[in-house]
file start_39.cif (mmCIF, C-alpha atoms)
data_upload
#
loop_
_atom_site.label_atom_id
_atom_site.label_comp_id
_atom_site.auth_asym_id
_atom_site.auth_seq_id
_atom_site.Cartn_x
_atom_site.Cartn_y
_atom_site.Cartn_z
CA MET A 543 -10.42 -3.12 50.06
CA THR A 544 -7.86 -4.68 47.74
CA ILE A 545 -9.04 -5.78 44.32
CA LYS A 546 -8.66 -9.52 43.75
CA ILE A 547 -7.95 -11.11 40.40
CA TYR A 548 -8.58 -14.84 40.15
CA GLY A 549 -6.43 -16.40 37.47
CA VAL A 550 -2.94 -17.55 36.53
CA PRO A 551 -0.11 -15.32 35.28
CA ILE A 552 0.50 -17.29 32.06
CA SER A 553 -3.13 -16.93 30.99
CA THR A 554 -3.54 -14.34 28.25
CA CYS A 555 -6.83 -13.09 29.60
CA THR A 556 -5.55 -12.89 33.17
CA ALA A 557 -2.56 -10.97 31.78
CA ARG A 558 -4.85 -8.52 29.96
CA ALA A 559 -6.67 -7.73 33.20
CA THR A 560 -3.54 -7.41 35.33
CA ALA A 561 -1.75 -5.31 32.70
CA CYS A 562 -4.51 -2.72 33.04
CA LEU A 563 -4.12 -2.71 36.83
CA TYR A 564 -0.36 -2.28 36.41
CA GLU A 565 -0.94 0.54 33.92
CA LYS A 566 -3.14 2.41 36.39
CA GLY A 567 -0.88 1.63 39.34
CA VAL A 568 -3.68 -0.11 41.21
CA ASP A 569 -2.69 -2.59 43.91
CA PHE A 570 -4.30 -5.98 43.60
CA GLU A 571 -4.03 -9.50 44.91
CA LEU A 572 -3.65 -12.32 42.40
CA VAL A 573 -5.53 -15.35 43.70
CA LEU A 574 -4.08 -18.34 41.89
CA ILE A 575 -6.46 -20.81 40.29
CA ASN A 576 -5.33 -24.38 39.63
CA PHE A 577 -6.01 -24.01 35.93
CA PHE A 578 -4.55 -27.30 34.72
CA GLY A 579 -6.37 -29.00 37.58
CA GLY A 580 -9.67 -27.55 36.33
CA GLU A 581 -10.42 -25.43 39.40
CA HIS A 582 -12.14 -22.87 37.13
CA LYS A 583 -14.76 -25.49 36.27
CA GLN A 584 -15.64 -26.15 39.91
CA PRO A 585 -18.63 -24.60 41.72
CA ALA A 586 -16.58 -22.14 43.79
CA PHE A 587 -15.21 -20.49 40.68
CA LEU A 588 -18.40 -20.91 38.64
CA SER A 589 -20.12 -18.70 41.21
CA LYS A 590 -17.74 -15.94 40.08
CA ASN A 591 -17.95 -16.71 36.35
CA PRO A 592 -20.67 -19.12 35.21
CA PHE A 593 -18.76 -19.71 31.97
CA GLY A 594 -15.83 -21.19 33.91
CA GLN A 595 -13.18 -18.98 32.35
CA ILE A 596 -10.42 -17.02 34.02
CA PRO A 597 -9.94 -14.29 35.07
CA ALA A 598 -12.54 -12.99 37.48
CA LEU A 599 -12.30 -9.78 39.48
CA GLU A 600 -13.62 -9.06 42.95
CA ASP A 601 -13.85 -5.50 44.20
CA GLY A 602 -15.72 -5.52 47.49
CA ASP A 603 -19.12 -7.03 46.74
CA LEU A 604 -18.74 -6.63 42.98
CA THR A 605 -17.71 -9.65 40.93
CA LEU A 606 -16.83 -9.30 37.26
CA PHE A 607 -15.54 -11.55 34.51
CA GLU A 608 -14.51 -11.21 30.84
CA SER A 609 -11.07 -9.62 30.66
CA ARG A 610 -12.14 -6.72 28.44
CA ALA A 611 -15.00 -5.85 30.80
CA ILE A 612 -12.57 -5.97 33.73
CA THR A 613 -10.14 -3.60 32.00
CA ALA A 614 -12.97 -1.25 31.05
CA TYR A 615 -14.12 -1.20 34.69
CA VAL A 616 -10.62 -0.52 35.97
CA ALA A 617 -10.06 2.17 33.32
CA GLU A 618 -13.35 3.84 34.32
CA LYS A 619 -12.96 3.58 38.09
CA PHE A 620 -9.36 4.81 38.03
CA LYS A 621 -9.56 7.11 35.02
CA GLU A 622 -7.54 9.67 36.96
CA PRO A 623 -4.71 10.14 37.77
CA GLY A 624 -2.29 8.81 35.15
CA THR A 625 -3.02 7.99 31.55
CA ASP A 626 -6.74 8.14 30.82
CA LEU A 627 -7.17 4.89 28.93
CA ILE A 628 -10.71 5.65 27.73
CA ARG A 629 -10.48 9.41 26.91
CA HIS A 630 -13.52 10.04 29.04
CA ASN A 631 -13.44 13.81 28.54
CA ASN A 632 -13.57 13.63 24.75
CA LEU A 633 -16.59 11.93 23.20
CA LYS A 634 -14.97 11.52 19.77
CA GLU A 635 -11.69 10.16 21.06
CA ALA A 636 -13.59 7.87 23.43
CA ALA A 637 -15.58 6.59 20.45
CA LEU A 638 -12.41 5.82 18.50
CA VAL A 639 -11.05 3.93 21.50
CA LYS A 640 -14.24 1.87 21.43
CA VAL A 641 -13.83 1.18 17.69
CA TRP A 642 -10.30 -0.14 18.06
CA ILE A 643 -11.19 -2.12 21.17
CA GLN A 644 -13.77 -3.83 18.97
CA VAL A 645 -11.25 -4.35 16.17
CA GLU A 646 -8.93 -6.14 18.59
CA SER A 647 -11.79 -8.25 19.86
CA GLN A 648 -13.48 -9.01 16.53
CA SER A 649 -10.63 -9.14 14.01
CA PHE A 650 -7.21 -9.34 15.66
CA ASP A 651 -8.05 -11.76 18.46
CA PRO A 652 -9.87 -14.39 16.34
CA ALA A 653 -6.81 -14.59 14.05
CA ILE A 654 -3.97 -14.52 16.57
CA THR A 655 -5.57 -16.68 19.26
CA PRO A 656 -5.60 -19.99 17.33
CA ILE A 657 -1.96 -19.44 16.33
CA VAL A 658 -0.85 -18.92 19.92
CA LEU A 659 -3.04 -21.72 21.23
CA GLU A 660 -1.62 -24.18 18.70
CA TYR A 661 2.00 -23.10 18.92
CA VAL A 662 2.31 -22.39 22.63
CA LEU A 663 -0.52 -24.15 24.45
CA ALA A 664 -0.85 -27.40 22.50
CA PRO A 665 2.72 -28.52 23.37
CA MET A 666 2.11 -27.60 27.04
CA LYS A 667 -0.79 -30.06 26.94
CA GLY A 668 1.35 -32.72 25.24
CA LYS A 669 -0.37 -32.23 21.88
CA THR A 670 1.07 -31.55 18.45
CA ALA A 671 0.36 -28.14 16.96
CA ASP A 672 -2.04 -28.22 14.00
CA GLN A 673 -0.09 -26.44 11.28
CA ALA A 674 -3.13 -26.13 9.01
CA VAL A 675 -4.92 -24.12 11.70
CA ILE A 676 -1.84 -21.96 12.15
CA ASP A 677 -1.45 -21.35 8.42
CA ALA A 678 -5.09 -20.41 7.89
CA ASN A 679 -4.96 -17.91 10.71
CA LEU A 680 -1.64 -16.44 9.65
CA VAL A 681 -3.37 -15.43 6.42
CA LYS A 682 -6.15 -13.77 8.41
CA LEU A 683 -3.69 -12.07 10.74
CA GLU A 684 -1.71 -10.64 7.83
CA LYS A 685 -4.83 -8.96 6.49
CA VAL A 686 -5.56 -7.44 9.89
CA LEU A 687 -1.98 -6.24 10.26
CA ASP A 688 -2.12 -4.66 6.80
CA VAL A 689 -4.96 -2.49 8.07
CA TYR A 690 -2.98 -1.73 11.23
CA GLU A 691 0.06 -0.74 9.14
CA SER A 692 -2.05 1.73 7.21
CA ARG A 693 -3.74 3.06 10.34
CA LEU A 694 -0.48 3.43 12.26
CA SER A 695 1.07 5.36 9.38
CA SER A 696 -1.34 8.20 10.19
CA THR A 697 -1.74 7.91 13.96
CA LYS A 698 0.84 6.90 16.56
CA TYR A 699 -1.54 4.54 18.35
CA LEU A 700 -4.60 2.68 17.17
CA ALA A 701 -7.30 5.08 18.36
CA GLY A 702 -5.29 8.25 17.68
CA ASP A 703 -2.11 9.97 18.81
CA PHE A 704 -2.68 8.74 22.34
CA TYR A 705 -2.10 5.42 24.07
CA SER A 706 -5.35 3.80 25.14
CA LEU A 707 -7.04 0.63 26.29
CA ALA A 708 -7.26 -0.42 22.63
CA ASP A 709 -3.47 -0.71 22.50
CA LEU A 710 -3.20 -2.39 25.90
CA HIS A 711 -5.66 -5.11 24.91
CA HIS A 712 -3.09 -6.32 22.36
CA TYR A 713 -0.42 -7.05 24.97
CA PRO A 714 -0.93 -10.68 25.92
CA TYR A 715 -1.46 -12.49 22.64
CA THR A 716 1.13 -10.39 20.82
CA HIS A 717 3.56 -11.11 23.67
CA TYR A 718 3.24 -14.83 22.99
CA PHE A 719 3.06 -14.39 19.23
CA MET A 720 6.43 -12.63 19.18
CA THR A 721 8.00 -15.87 20.49
CA THR A 722 6.75 -17.81 17.45
CA PRO A 723 8.54 -18.21 14.08
CA TRP A 724 6.08 -15.72 12.58
CA ALA A 725 7.08 -12.60 14.51
CA SER A 726 8.15 -11.21 11.14
CA LEU A 727 4.50 -10.44 10.46
CA VAL A 728 4.91 -7.66 13.00
CA ASN A 729 8.56 -6.81 12.34
CA ASP A 730 8.20 -6.56 8.55
CA ARG A 731 5.58 -3.82 8.88
CA PRO A 732 7.49 -0.72 9.99
CA HIS A 733 4.61 1.15 11.59
CA VAL A 734 3.27 -1.93 13.34
CA LYS A 735 6.80 -2.71 14.52
CA ALA A 736 7.31 0.81 15.88
CA TRP A 737 3.93 0.69 17.60
CA TRP A 738 4.69 -2.68 19.17
CA GLU A 739 8.13 -1.54 20.33
CA ASP A 740 6.54 1.54 21.85
CA ILE A 741 3.76 -0.15 23.77
CA SER A 742 5.86 -3.14 24.81
CA SER A 743 8.37 -0.76 26.39
CA ARG A 744 5.77 0.54 28.85
CA PRO A 745 6.21 -0.48 32.51
CA SER A 746 2.77 -2.12 32.48
CA TYR A 747 3.83 -4.44 29.68
CA LYS A 748 7.11 -5.27 31.36
CA LYS A 749 5.39 -6.12 34.64
CA MET A 750 2.93 -8.33 32.77
CA ALA A 751 5.77 -10.07 30.91
CA GLU A 752 7.64 -10.65 34.18
CA ALA A 753 4.55 -12.17 35.73
CA ILE A 754 4.10 -14.48 32.73
CA ALA A 755 7.77 -15.50 32.89
CA SER A 756 7.44 -16.28 36.59
CA GLY A 757 4.68 -18.73 35.67
CA MET B 1055 -26.35 17.38 11.46
CA THR B 1056 -28.10 14.07 10.89
CA ILE B 1057 -26.25 10.89 11.75
CA LYS B 1058 -25.68 8.65 8.75
CA ILE B 1059 -25.54 4.88 8.89
CA TYR B 1060 -24.03 3.14 5.88
CA GLY B 1061 -25.37 -0.38 5.54
CA VAL B 1062 -28.34 -2.51 4.54
CA PRO B 1063 -31.41 -3.24 6.66
CA ILE B 1064 -31.11 -7.04 6.44
CA SER B 1065 -27.54 -6.98 7.77
CA THR B 1066 -27.38 -8.09 11.40
CA CYS B 1067 -24.67 -5.60 12.27
CA THR B 1068 -26.46 -2.73 10.53
CA ALA B 1069 -29.57 -3.76 12.46
CA ARG B 1070 -27.69 -3.70 15.77
CA ALA B 1071 -26.56 -0.12 15.14
CA THR B 1072 -29.93 1.13 13.94
CA ALA B 1073 -31.79 -0.61 16.79
CA CYS B 1074 -29.78 1.48 19.24
CA LEU B 1075 -30.68 4.66 17.36
CA TYR B 1076 -34.35 3.62 17.42
CA GLU B 1077 -34.09 2.86 21.14
CA LYS B 1078 -32.74 6.33 21.86
CA GLY B 1079 -35.15 8.01 19.45
CA VAL B 1080 -32.31 9.51 17.42
CA ASP B 1081 -33.05 10.50 13.83
CA PHE B 1082 -30.66 9.08 11.29
CA GLU B 1083 -30.29 8.58 7.57
CA LEU B 1084 -29.67 5.06 6.29
CA VAL B 1085 -27.33 5.27 3.31
CA LEU B 1086 -27.80 2.04 1.39
CA ILE B 1087 -24.71 0.09 0.38
CA ASN B 1088 -24.89 -2.32 -2.55
CA PHE B 1089 -23.81 -5.20 -0.35
CA PHE B 1090 -24.29 -8.06 -2.81
CA GLY B 1091 -22.53 -5.93 -5.43
CA GLY B 1092 -19.53 -5.61 -3.10
CA GLU B 1093 -19.71 -1.83 -2.64
CA HIS B 1094 -18.34 -2.24 0.89
CA LYS B 1095 -15.09 -3.56 -0.59
CA GLN B 1096 -14.59 -0.50 -2.80
CA PRO B 1097 -12.32 2.46 -1.93
CA ALA B 1098 -15.15 4.87 -1.09
CA PHE B 1099 -16.42 2.60 1.66
CA LEU B 1100 -12.98 1.37 2.73
CA SER B 1101 -12.19 4.98 3.63
CA LYS B 1102 -14.95 4.69 6.22
CA ASN B 1103 -14.06 1.18 7.39
CA PRO B 1104 -10.73 -0.26 6.24
CA PHE B 1105 -11.99 -3.76 7.05
CA GLY B 1106 -14.72 -3.43 4.43
CA GLN B 1107 -17.58 -4.40 6.71
CA ILE B 1108 -20.93 -2.72 7.23
CA PRO B 1109 -22.15 -0.69 9.01
CA ALA B 1110 -20.27 2.57 9.33
CA LEU B 1111 -21.53 5.68 11.09
CA GLU B 1112 -20.89 9.30 10.22
CA ASP B 1113 -21.68 12.04 12.72
CA GLY B 1114 -20.33 15.29 11.36
CA ASP B 1115 -16.59 14.76 10.90
CA LEU B 1116 -16.54 11.60 13.01
CA THR B 1117 -16.54 8.24 11.25
CA LEU B 1118 -16.97 5.03 13.22
CA PHE B 1119 -17.31 1.34 12.43
CA GLU B 1120 -17.89 -1.91 14.36
CA SER B 1121 -21.55 -2.15 15.34
CA ARG B 1122 -20.87 -2.53 19.07
CA ALA B 1123 -18.65 0.57 19.07
CA ILE B 1124 -21.36 2.47 17.22
CA THR B 1125 -24.01 1.48 19.77
CA ALA B 1126 -21.69 2.37 22.65
CA TYR B 1127 -21.10 5.80 21.09
CA VAL B 1128 -24.80 6.39 20.57
CA ALA B 1129 -25.59 5.20 24.10
CA GLU B 1130 -22.95 7.56 25.51
CA LYS B 1131 -23.78 10.61 23.40
CA PHE B 1132 -27.52 10.27 24.00
CA LYS B 1133 -27.47 8.75 27.47
CA GLU B 1134 -30.27 11.11 28.44
CA PRO B 1135 -33.20 11.35 28.06
CA GLY B 1136 -34.87 7.94 27.86
CA THR B 1137 -33.50 4.64 29.00
CA ASP B 1138 -29.85 4.94 30.01
CA LEU B 1139 -28.41 1.95 28.17
CA ILE B 1140 -25.02 2.08 29.90
CA ARG B 1141 -25.99 2.99 33.51
CA HIS B 1142 -23.50 5.83 33.44
CA ASN B 1143 -24.38 7.05 36.93
CA ASN B 1144 -23.69 3.73 38.63
CA LEU B 1145 -20.18 2.32 38.34
CA LYS B 1146 -21.17 -1.20 39.41
CA GLU B 1147 -24.20 -1.45 37.15
CA ALA B 1148 -22.16 0.01 34.30
CA ALA B 1149 -19.53 -2.67 34.92
CA LEU B 1150 -22.14 -5.44 34.76
CA VAL B 1151 -23.43 -4.01 31.48
CA LYS B 1152 -19.86 -4.26 30.18
CA VAL B 1153 -19.59 -7.88 31.34
CA TRP B 1154 -22.74 -8.98 29.53
CA ILE B 1155 -21.85 -6.98 26.44
CA GLN B 1156 -18.67 -9.03 26.38
CA VAL B 1157 -20.59 -12.26 26.93
CA GLU B 1158 -22.75 -11.52 23.90
CA SER B 1159 -19.67 -10.71 21.85
CA GLN B 1160 -17.40 -13.53 23.05
CA SER B 1161 -19.77 -16.43 23.77
CA PHE B 1162 -23.25 -15.87 22.31
CA ASP B 1163 -22.27 -14.35 18.98
CA PRO B 1164 -19.62 -16.94 17.99
CA ALA B 1165 -22.20 -19.70 18.51
CA ILE B 1166 -25.30 -18.15 16.96
CA THR B 1167 -23.63 -16.42 14.01
CA PRO B 1168 -22.57 -19.57 12.08
CA ILE B 1169 -26.06 -21.03 12.54
CA VAL B 1170 -27.75 -17.95 11.10
CA LEU B 1171 -25.18 -17.56 8.33
CA GLU B 1172 -25.63 -21.17 7.24
CA TYR B 1173 -29.39 -21.34 7.57
CA VAL B 1174 -30.35 -17.87 6.33
CA LEU B 1175 -27.48 -16.43 4.33
CA ALA B 1176 -26.13 -19.50 2.52
CA PRO B 1177 -29.43 -20.07 0.62
CA MET B 1178 -29.56 -16.35 -0.26
CA LYS B 1179 -26.19 -16.87 -1.94
CA GLY B 1180 -27.38 -20.03 -3.72
CA LYS B 1181 -25.39 -22.30 -1.43
CA THR B 1182 -26.47 -25.30 0.62
CA ALA B 1183 -26.36 -24.89 4.38
CA ASP B 1184 -23.63 -26.94 6.07
CA GLN B 1185 -25.56 -28.95 8.66
CA ALA B 1186 -22.39 -30.07 10.45
CA VAL B 1187 -21.50 -26.44 11.15
CA ILE B 1188 -25.03 -25.78 12.36
CA ASP B 1189 -25.04 -28.83 14.64
CA ALA B 1190 -21.67 -28.03 16.21
CA ASN B 1191 -22.77 -24.51 16.99
CA LEU B 1192 -26.17 -25.53 18.31
CA VAL B 1193 -24.28 -27.48 20.99
CA LYS B 1194 -22.26 -24.36 21.86
CA LEU B 1195 -25.34 -22.17 21.85
CA GLU B 1196 -27.17 -24.50 24.21
CA LYS B 1197 -24.38 -24.17 26.75
CA VAL B 1198 -24.49 -20.40 26.52
CA LEU B 1199 -28.27 -20.38 26.88
CA ASP B 1200 -28.02 -22.62 29.94
CA VAL B 1201 -25.96 -19.89 31.60
CA TYR B 1202 -28.48 -17.28 30.43
CA GLU B 1203 -31.33 -19.34 31.89
CA SER B 1204 -29.62 -19.42 35.24
CA ARG B 1205 -28.73 -15.73 35.12
CA LEU B 1206 -32.21 -14.67 34.04
CA SER B 1207 -33.75 -16.64 36.89
CA SER B 1208 -32.22 -14.12 39.30
CA THR B 1209 -32.28 -10.90 37.27
CA LYS B 1210 -34.89 -9.69 34.79
CA TYR B 1211 -32.31 -8.66 32.22
CA LEU B 1212 -28.76 -9.80 31.61
CA ALA B 1213 -26.87 -7.08 33.47
CA GLY B 1214 -29.45 -6.72 36.27
CA ASP B 1215 -33.05 -5.70 36.77
CA PHE B 1216 -32.72 -3.07 34.08
CA TYR B 1217 -32.75 -3.20 30.28
CA SER B 1218 -29.38 -2.25 28.82
CA LEU B 1219 -27.19 -2.27 25.76
CA ALA B 1220 -26.23 -5.84 26.66
CA ASP B 1221 -29.79 -6.97 25.93
CA LEU B 1222 -30.13 -4.84 22.80
CA HIS B 1223 -27.01 -6.36 21.27
CA HIS B 1224 -28.84 -9.69 21.11
CA TYR B 1225 -31.60 -8.37 18.85
CA PRO B 1226 -30.39 -9.07 15.32
CA TYR B 1227 -29.01 -12.59 15.43
CA THR B 1228 -31.75 -13.81 17.76
CA HIS B 1229 -34.32 -12.23 15.42
CA TYR B 1230 -33.06 -14.42 12.58
CA PHE B 1231 -32.46 -17.43 14.82
CA MET B 1232 -36.12 -17.46 15.89
CA THR B 1233 -37.05 -18.15 12.24
CA THR B 1234 -34.98 -21.36 12.20
CA PRO B 1235 -36.16 -24.86 13.23
CA TRP B 1236 -34.15 -24.48 16.47
CA ALA B 1237 -36.09 -21.63 18.08
CA SER B 1238 -37.00 -24.17 20.76
CA LEU B 1239 -33.56 -23.57 22.26
CA VAL B 1240 -34.96 -20.22 23.38
CA ASN B 1241 -38.58 -21.26 23.93
CA ASP B 1242 -37.76 -24.33 26.03
CA ARG B 1243 -35.91 -22.22 28.60
CA PRO B 1244 -38.63 -20.32 30.47
CA HIS B 1245 -36.50 -17.43 31.71
CA VAL B 1246 -34.74 -16.99 28.38
CA LYS B 1247 -38.13 -17.14 26.65
CA ALA B 1248 -39.61 -14.50 28.98
CA TRP B 1249 -36.55 -12.28 28.50
CA TRP B 1250 -36.74 -12.60 24.72
CA GLU B 1251 -40.48 -11.90 24.67
CA ASP B 1252 -39.86 -8.83 26.82
CA ILE B 1253 -37.05 -7.29 24.81
CA SER B 1254 -38.53 -8.23 21.43
CA SER B 1255 -41.70 -6.36 22.38
CA ARG B 1256 -39.84 -3.06 22.66
CA PRO B 1257 -40.54 -0.45 19.96
CA SER B 1258 -36.83 -0.41 19.03
CA TYR B 1259 -36.94 -4.13 18.24
CA LYS B 1260 -40.14 -3.79 16.25
CA LYS B 1261 -38.74 -0.96 14.16
CA MET B 1262 -35.61 -2.99 13.49
CA ALA B 1263 -37.69 -6.02 12.51
CA GLU B 1264 -39.82 -3.90 10.16
CA ALA B 1265 -36.69 -2.52 8.52
CA ILE B 1266 -35.31 -6.05 8.04
CA ALA B 1267 -38.62 -7.21 6.58
CA SER B 1268 -38.65 -4.28 4.15
CA GLY B 1269 -35.28 -5.56 2.88
#
call {"tool": "encode", "arguments": {"input": "start_39.cif", "output": "structure tokens"}}
result
Amino acid sequence: MTIKIYGVPISTCTARATACLYEKGVDFELVLINFFGGEHKQPAFLSKNPFGQIPALEDGDLTLFESRAITAYVAEKFKEPGTDLIRHNNLKEAALVKVWIQVESQSFDPAITPIVLEYVLAPMKGKTADQAVIDANLVKLEKVLDVYESRLSSTKYLAGDFYSLADLHHYPYTHYFMTTPWASLVNDRPHVKAWWEDISSRPSYKKMAEAIASG
Amino acid sequence: MTIKIYGVPISTCTARATACLYEKGVDFELVLINFFGGEHKQPAFLSKNPFGQIPALEDGDLTLFESRAITAYVAEKFKEPGTDLIRHNNLKEAALVKVWIQVESQSFDPAITPIVLEYVLAPMKGKTADQAVIDANLVKLEKVLDVYESRLSSTKYLAGDFYSLADLHHYPYTHYFMTTPWASLVNDRPHVKAWWEDISSRPSYKKMAEAIASG
């Protein structure tokens, strides 16, 4: 049975889920939700995710939501063949993947999300971006990227010298962020820049970017 | 070799990590950090966690940070014997644990944390609690708890009819929240109340609460 993802390609969280499916080469069907029409707040979708947020995944009789739970499920179910995104055969490496997945979720995401929402999403909704919000979060993001620069000077990827789900989780917001005037925050840090160029050259990233571009 | 946790008992994130160790019956040594003296911002601790946040875990030559990564590591390393907190033998149940771990992290925590920080921590630092912050987050928390009430009317615990890491992750902030004037948000929702009474009666919760009380 084909896995279904309910969402829209331009959604960062939908993109995080689909990028993982692309990375593992898993076929799936994208079921489009009328996001700007509020379909995700209607009962049919709320039965899949009671919080009314995209994406949701259906795999047979299993329904999941939260993009990082969806990627973790996909990475576990399809851990072989191909790149093992969770290092399931190595307890220590698997633990470091978990650490950097949390760093993305707890430190990187809270800083980069408001910037992208203000700069990219506010104009799409006919609103003016709030520069004060952007500025405050640029300061936070710089501090996070300083830690990344140090980390990536000793390991090629965040969790170690191996690409993992922790890296993949950075795809969607960084993709949008690199279209803003503040891409220099990434490009001025040589190890962060090299890391971003590496992971954004992967086929899974390119497929995600194409899907976003197609709207 | 004994696992070391660097932190302080009254810290919510330290408490989340130690609660998991209590739950699995794993001996550990709590290495006290002079939190109010800023020891976690000094080089010795930054070498364990470059973000300068407690707790950190050391297990032999492995150093981890981020409380939810620490619990996931402990739950994986010690999945047997005792309660399997991650349902490692059941892909679907394991996926639902991941979903509700994300819900705690992405929806519950961002609402309850500012309330607890303002009501409990601000006075400890000689500051006045910001009631506007508390009020805004009480509204958010109510919405989250409405979803929990619905969920817990069909399953005994968040991920299903089994206690899991998703439930345990709620211990520390809810522990503090129940000391605030707004504990009725939990107590007025019968299924949330029953769930909280159930999980807060577990020995792991009681040990955590005793450690917090001992300061």
call {"tool": "atom_distance", "arguments": {"input": "start_39.cif", "atom1": "atom CA of Ala1123 of chain B", "atom2": "atom CA of Val734 of chain A"}}
result
22.8 Å
call {"tool": "atom_distance", "arguments": {"input": "start_39.cif", "atom1": "atom CA of Lys698 of chain A", "atom2": "atom CA of Ile754 of chain A"}}
result
27.0 Å
call {"tool": "resolve_selection", "arguments": {"input": "start_39.cif", "expression": "the PyMOL selection byres ((chain A) within 7 of (chain B))", "output": "PyMOL selection string"}}
result
chain A and resi 592+604+606-608+611+615+634+637+640-641+644+689
call {"tool": "write_last_selection", "arguments": {"input": "start_39.cif", "atoms": "C-alpha atoms", "output": "PDB file, in the frame of the given file"}}
result
ATOM      1  CA  PRO A 592     -20.670 -19.120  35.210  1.00  0.00           C
ATOM      2  CA  LEU A 604     -18.740  -6.630  42.980  1.00  0.00           C
ATOM      3  CA  LEU A 606     -16.830  -9.300  37.260  1.00  0.00           C
ATOM      4  CA  PHE A 607     -15.540 -11.550  34.510  1.00  0.00           C
ATOM      5  CA  GLU A 608     -14.510 -11.210  30.840  1.00  0.00           C
ATOM      6  CA  ALA A 611     -15.000  -5.850  30.800  1.00  0.00           C
ATOM      7  CA  TYR A 615     -14.120  -1.200  34.690  1.00  0.00           C
ATOM      8  CA  LYS A 634     -14.970  11.520  19.770  1.00  0.00           C
ATOM      9  CA  ALA A 637     -15.580   6.590  20.450  1.00  0.00           C
ATOM     10  CA  LYS A 640     -14.240   1.870  21.430  1.00  0.00           C
ATOM     11  CA  VAL A 641     -13.830   1.180  17.690  1.00  0.00           C
ATOM     12  CA  GLN A 644     -13.770  -3.830  18.970  1.00  0.00           C
ATOM     13  CA  VAL A 689      -4.960  -2.490   8.070  1.00  0.00           C
TER      14      VAL A 689
END
call {"tool": "resolve_selection", "arguments": {"input": "start_39.cif", "expression": "the PyMOL selection byres ((chain A and resi 560-564) around 10)", "output": "ChimeraX atom specification"}}
result
/A:545,547,549,551,554-559,565-572,597,599,609-610,612-617,620,627,707,710-711,713-714,745-751,753
call {"tool": "atom_distance", "arguments": {"input": "start_39.cif", "atom1": "atom CA of Leu663 of chain A", "atom2": "atom CA of Phe578 of chain A"}}
result
11.5 Å
call {"tool": "residues_around", "arguments": {"input": "start_39.cif", "residues": "Glu646 of chain A", "least_positions_apart": "5", "cutoff": "9 Å", "atoms": "all atoms listed in the file", "output": "list in words"}}
result
Val641, Asp651, Pro652, Ala708, Asp709, His711 and His712 of chain A
call {"tool": "residues_around", "arguments": {"input": "start_39.cif", "residues": "Phe1231 of chain B", "least_positions_apart": "6", "cutoff": "8 Å", "atoms": "all atoms listed in the file", "output": "PyMOL selection string"}}
result
chain B and resi 1166+1169-1170+1237
call {"tool": "resolve_selection", "arguments": {"input": "start_39.cif", "expression": "the PyMOL selection byres ((chain B and resi 1185) around 12)", "output": "VMD selection string"}}
result
chain B and resid 1168 to 1173 1176 1182 to 1184 1186 to 1192
call {"tool": "closest_residue", "arguments": {"input": "start_39.cif", "among": "A:Lys546, A:Thr716, A:Ala653, A:Lys590", "to": "Asn729 of chain A", "atoms": "all atoms listed in the file"}}
result
A:Thr716
